[in-house]
Amino acid sequence: MDIGTRLFRSALLALAGNRVVGKMAHRYGMKLGASRFVAGETADEALLQIRRLNAKGISATLDLLGESIRDLAEADRFKREYITLLERIHHDALDSNVSLKPTQMGLALDPAACYAHIRDIVEKAQQLTNFVRIDMENSPYTDDTIAMVHRLHAEGLTRVGTVIQAYLYRSRLDVRQLTKAKVNLRLVKGAYRELGHLTYRSMDDVNANMKRLIRVRLDAGVYTAVATHDEQIIAWTKTYARRNGIPASRYEFQMLYGVRVPLQEQLAREGYKVRCYVPYGRMWYPYFVRRMAERPANLWFVLKNWRDRPSAPRQNG
């Protein structure tokens with residue numbers, strides 16, 4: 001990653017926590033391009049999109065957007081909505097699991113309360129033969145997130161997994177330990193703003209580490225989600241699996257809602273398991289900014305929508 005790209009990415013990620021910019025984005029963003037990457041602000045809108053994905057042979061993971069809540073009452077509300085989502089997915093026979101963020105459940109406020117909320121959600125998922133993915137946030141929460149997953153598995157709640165980010169130096173050890181425990185993982189390159197000494201600086205190094213982590217998982221025979229839009233990584237995964245006699249049933253490809261849609265559909269037609277990450281909710285702004293930072297083309301799409309928006313009629317007087 002060259003210095004210009006790093007600066008661009010850092011500047012955008014800094015905006016993710018800016019409340020003033022966020023307020024402006026909420027006023028106009030869905031109309032000007034956010035709806036490409038966010039399935040809607042309500043569960044009904046998101047579930048409709050999942051039905052459309054399922055009709056094309058694509059699975060989903062449903063994410064109620066929200067992170068770094070201010071009080072535990074919000075966490076309780078999120079928990080109850082996730083339980084309702086699991087019930088609706090089951091009732092409608094949709095091919096979808098759910099993804100959630102630990103800070104959304106109160107990790108930064110009360111780790112014990114956070115664990116209790118997540119446990120309730122995972123318990124419901126296990127009752128309904130579904131699955132919960134605990135998303136990985138930035139590095140201050142990595143140890144606590146991994147510890148929660150180990151604790152849930154130790155308590156017999158195994159229909160839960162987490163995410164490992166290839167741009168972190170520590171991830172190779174984390175993957176080996178989680179693989180030994182047979183934890184279902186999603187592998188990603190990483191999208192959060194981190195201190196330089198924690199991460200690989202070069203995208204070539206991130207890609208090389210991503211391949212190492214995929215190899216560890218596939219060789220161990222533990223189910224793995226390869227979450228990337230990088231066609232080179234996808235092609236490498238398919239080739240490595242084929243050459244080593246690893247069936248496609250041991251892994252899946254995951255991509256984001258609204259990103260590389262033709263590629264998602266192509267992989268599904270080829271017979272690969274494809275899962276689309278479907279985010280929804282009113283707290284979509286930080287997620288949206290991370291999508292802009294990951295790929296400059298996403299930002300140009302939004303700016304084009306802004307440029308091409310209909311002008312407001314002039315009023316006389």
# chains A, B, ... in the order shown; residues from 1 in each chain; ligands from 1
>>> select_by_dssp(residues="segment 64-306 of chain A", states="alpha helix (DSSP H)", output="PyMOL selection string")
chain A and resi 72-91+111-127+142-154+171-180+203-220+231-243+261-269+285-294+296-306
>>> select_by_dssp(residues="segment 197-294 of chain A", states="strand (DSSP E)", output="count of residues only")
17
>>> residues_around(residues="Ile121 of chain A", least_positions_apart="5", cutoff="12 Å", atoms="only C-alpha atoms", output="ChimeraX atom specification")
/A:75-76,78-87,97-100,102,105,114-116,126-128,130-134,152,157,159-160
>>> write_last_selection(atoms="N, CA and C atoms", output="JSON list (two decimals), in the first residue's frame")
[["chain", "number", "residue", "atom", "x", "y", "z"],
["A", 75, "ALA", "N", -27.59, -2.11, 24.43],
["A", 75, "ALA", "CA", -27.14, -3.49, 24.22],
["A", 75, "ALA", "C", -28.29, -4.47, 24.38],
["A", 76, "ASP", "N", -29.12, -4.24, 25.39],
["A", 76, "ASP", "CA", -30.27, -5.12, 25.60],
["A", 76, "ASP", "C", -31.23, -5.05, 24.42],
["A", 78, "PHE", "N", -30.41, -4.32, 21.28],
["A", 78, "PHE", "CA", -29.78, -5.05, 20.19],
["A", 78, "PHE", "C", -29.92, -6.56, 20.38],
["A", 79, "LYS", "N", -29.72, -7.02, 21.60],
["A", 79, "LYS", "CA", -29.84, -8.45, 21.87],
["A", 79, "LYS", "C", -31.23, -8.96, 21.50],
["A", 80, "ARG", "N", -32.25, -8.24, 21.95],
["A", 80, "ARG", "CA", -33.62, -8.66, 21.68],
["A", 80, "ARG", "C", -33.91, -8.66, 20.18],
["A", 81, "GLU", "N", -33.36, -7.68, 19.47],
["A", 81, "GLU", "CA", -33.60, -7.65, 18.03],
["A", 81, "GLU", "C", -32.90, -8.80, 17.33],
["A", 82, "TYR", "N", -31.70, -9.17, 17.80],
["A", 82, "TYR", "CA", -31.01, -10.32, 17.20],
["A", 82, "TYR", "C", -31.79, -11.61, 17.43],
["A", 83, "ILE", "N", -32.34, -11.78, 18.61],
["A", 83, "ILE", "CA", -33.12, -12.98, 18.88],
["A", 83, "ILE", "C", -34.35, -13.02, 17.97],
["A", 84, "THR", "N", -34.99, -11.87, 17.79],
["A", 84, "THR", "CA", -36.13, -11.80, 16.87],
["A", 84, "THR", "C", -35.70, -12.11, 15.44],
["A", 85, "LEU", "N", -34.53, -11.62, 15.03],
["A", 85, "LEU", "CA", -34.02, -11.91, 13.69],
["A", 85, "LEU", "C", -33.84, -13.41, 13.48],
["A", 86, "LEU", "N", -33.24, -14.07, 14.45],
["A", 86, "LEU", "CA", -33.04, -15.52, 14.34],
["A", 86, "LEU", "C", -34.38, -16.24, 14.21],
["A", 87, "GLU", "N", -35.37, -15.79, 14.96],
["A", 87, "GLU", "CA", -36.69, -16.41, 14.88],
["A", 87, "GLU", "C", -37.33, -16.17, 13.51],
["A", 97, "ASN", "N", -27.34, -16.74, 8.44],
["A", 97, "ASN", "CA", -27.01, -16.69, 9.86],
["A", 97, "ASN", "C", -26.90, -15.22, 10.26],
["A", 98, "VAL", "N", -26.34, -14.92, 11.42],
["A", 98, "VAL", "CA", -26.22, -13.53, 11.86],
["A", 98, "VAL", "C", -24.79, -13.22, 12.28],
["A", 99, "SER", "N", -24.43, -11.96, 12.14],
["A", 99, "SER", "CA", -23.14, -11.45, 12.60],
["A", 99, "SER", "C", -23.39, -10.29, 13.56],
["A", 100, "LEU", "N", -22.56, -10.20, 14.60],
["A", 100, "LEU", "CA", -22.72, -9.11, 15.57],
["A", 100, "LEU", "C", -21.36, -8.63, 16.06],
["A", 102, "PRO", "N", -19.04, -7.20, 19.31],
["A", 102, "PRO", "CA", -19.01, -7.21, 20.78],
["A", 102, "PRO", "C", -19.28, -5.85, 21.41],
["A", 105, "MET", "N", -22.77, -5.08, 21.98],
["A", 105, "MET", "CA", -23.38, -5.78, 23.11],
["A", 105, "MET", "C", -22.83, -5.30, 24.45],
["A", 114, "CYS", "N", -21.88, -7.96, 28.42],
["A", 114, "CYS", "CA", -21.69, -8.27, 27.00],
["A", 114, "CYS", "C", -21.73, -9.78, 26.77],
["A", 115, "TYR", "N", -20.98, -10.51, 27.58],
["A", 115, "TYR", "CA", -20.95, -11.97, 27.41],
["A", 115, "TYR", "C", -22.35, -12.56, 27.61],
["A", 116, "ALA", "N", -23.07, -12.08, 28.60],
["A", 116, "ALA", "CA", -24.42, -12.61, 28.86],
["A", 116, "ALA", "C", -25.34, -12.37, 27.67],
["A", 126, "GLN", "N", -28.41, -21.81, 18.58],
["A", 126, "GLN", "CA", -28.21, -23.25, 18.72],
["A", 126, "GLN", "C", -29.55, -23.98, 18.77],
["A", 127, "GLN", "N", -30.53, -23.40, 19.46],
["A", 127, "GLN", "CA", -31.87, -24.00, 19.51],
["A", 127, "GLN", "C", -32.48, -24.11, 18.12],
["A", 128, "LEU", "N", -32.18, -23.12, 17.27],
["A", 128, "LEU", "CA", -32.79, -23.06, 15.93],
["A", 128, "LEU", "C", -31.87, -23.63, 14.85],
["A", 130, "ASN", "N", -28.96, -22.64, 13.93],
["A", 130, "ASN", "CA", -28.38, -21.56, 13.14],
["A", 130, "ASN", "C", -26.97, -21.28, 13.66],
["A", 131, "PHE", "N", -26.43, -20.12, 13.37],
["A", 131, "PHE", "CA", -25.03, -19.83, 13.67],
["A", 131, "PHE", "C", -24.85, -18.34, 13.90],
["A", 132, "VAL", "N", -23.94, -18.00, 14.81],
["A", 132, "VAL", "CA", -23.62, -16.60, 15.11],
["A", 132, "VAL", "C", -22.14, -16.34, 14.82],
["A", 133, "ARG", "N", -21.87, -15.30, 14.06],
["A", 133, "ARG", "CA", -20.50, -14.88, 13.82],
["A", 133, "ARG", "C", -20.22, -13.64, 14.67],
["A", 134, "ILE", "N", -19.27, -13.75, 15.57],
["A", 134, "ILE", "CA", -18.86, -12.58, 16.37],
["A", 134, "ILE", "C", -17.78, -11.84, 15.58],
["A", 152, "LEU", "N", -17.65, -19.81, 25.18],
["A", 152, "LEU", "CA", -18.91, -20.33, 24.65],
["A", 152, "LEU", "C", -18.77, -21.78, 24.22],
["A", 157, "LEU", "N", -21.77, -24.37, 23.65],
["A", 157, "LEU", "CA", -22.42, -23.54, 22.63],
["A", 157, "LEU", "C", -21.45, -23.37, 21.46],
["A", 159, "ARG", "N", -22.19, -23.35, 18.08],
["A", 159, "ARG", "CA", -22.65, -22.76, 16.82],
["A", 159, "ARG", "C", -22.32, -21.25, 16.80],
["A", 160, "VAL", "N", -21.06, -20.99, 17.03],
["A", 160, "VAL", "CA", -20.54, -19.62, 17.07],
["A", 160, "VAL", "C", -19.10, -19.63, 16.59]]
>>> closest_residue(among="A:Thr129, A:Gly156, A:Gln254, A:Thr103", to="Tyr141 of chain A", atoms="only C-alpha atoms")
A:Thr103
>>> atom_distance(atom1="atom CA of Ser68 of chain A", atom2="atom CA of Tyr257 of chain A")
22.4 Å
>>> closest_residue(among="A:Val149, A:Ala241, A:Asp120, A:Ala46", to="Ala60 of chain A", atoms="only C-alpha atoms")
A:Ala46
>>> residues_around(residues="Ala43 of chain A", least_positions_apart="4", cutoff="12 Å", atoms="only C-alpha atoms", output="list of chain:residue names")
A:Val38, A:Ala39, A:Leu47, A:Leu48, A:Gln49, A:Ile50, A:Leu62, A:Asp63, A:Leu64, A:Leu65, A:Glu81, A:Tyr82, A:Thr84, A:Leu85, A:Leu86, A:Arg88, A:Ile89, A:Val278, A:Pro279, A:Tyr280, A:Gly281, A:Arg282
>>> write_last_selection(atoms="C-alpha atoms", output="PDB file, in the first residue's frame")
ATOM      1  CA  VAL A  38     -26.492  -1.165   3.207  1.00  0.00           C
ATOM      2  CA  ALA A  39     -29.613  -3.287   2.673  1.00  0.00           C
ATOM      3  CA  LEU A  47     -34.865  -9.820   4.870  1.00  0.00           C
ATOM      4  CA  LEU A  48     -36.307  -8.950   1.461  1.00  0.00           C
ATOM      5  CA  GLN A  49     -32.770  -8.631   0.087  1.00  0.00           C
ATOM      6  CA  ILE A  50     -31.835 -11.975   1.634  1.00  0.00           C
ATOM      7  CA  LEU A  62     -27.330 -10.619   8.550  1.00  0.00           C
ATOM      8  CA  ASP A  63     -25.700  -7.797  10.491  1.00  0.00           C
ATOM      9  CA  LEU A  64     -27.702  -5.307  12.548  1.00  0.00           C
ATOM     10  CA  LEU A  65     -25.378  -2.321  12.400  1.00  0.00           C
ATOM     11  CA  GLU A  81     -33.596  -7.647  18.025  1.00  0.00           C
ATOM     12  CA  TYR A  82     -31.010 -10.315  17.199  1.00  0.00           C
ATOM     13  CA  THR A  84     -36.131 -11.801  16.867  1.00  0.00           C
ATOM     14  CA  LEU A  85     -34.022 -11.915  13.686  1.00  0.00           C
ATOM     15  CA  LEU A  86     -33.040 -15.517  14.343  1.00  0.00           C
ATOM     16  CA  ARG A  88     -37.733 -14.668  11.654  1.00  0.00           C
ATOM     17  CA  ILE A  89     -34.958 -16.341   9.651  1.00  0.00           C
ATOM     18  CA  VAL A 278     -25.976  -8.104   4.553  1.00  0.00           C
ATOM     19  CA  PRO A 279     -25.866  -5.075   6.888  1.00  0.00           C
ATOM     20  CA  TYR A 280     -28.881  -3.023   7.864  1.00  0.00           C
ATOM     21  CA  GLY A 281     -29.998  -0.541  10.501  1.00  0.00           C
ATOM     22  CA  ARG A 282     -29.980   3.156  11.261  1.00  0.00           C
TER      23      ARG A 282
END
>>> closest_residue(among="A:Val261, A:Leu218, A:Leu72, A:Leu168", to="Arg242 of chain A", atoms="only C-alpha atoms")
A:Leu218
>>> closest_atom_pairs(of="segment 47-164 of chain A", to="segment 220-227 of chain A", cutoff="12 Å", atoms="only C-alpha atoms", output="tab-separated table")
residue	atom	partner	partner_atom	distance
A:Thr61	CA	A:Ala225	CA	11.5
A:Arg133	CA	A:Ala225	CA	10.7
A:Gly161	CA	A:Thr224	CA	9.8
A:Thr162	CA	A:Ala225	CA	10.1
A:Val163	CA	A:Ala225	CA	9.0
A:Ile164	CA	A:Ala227	CA	10.2
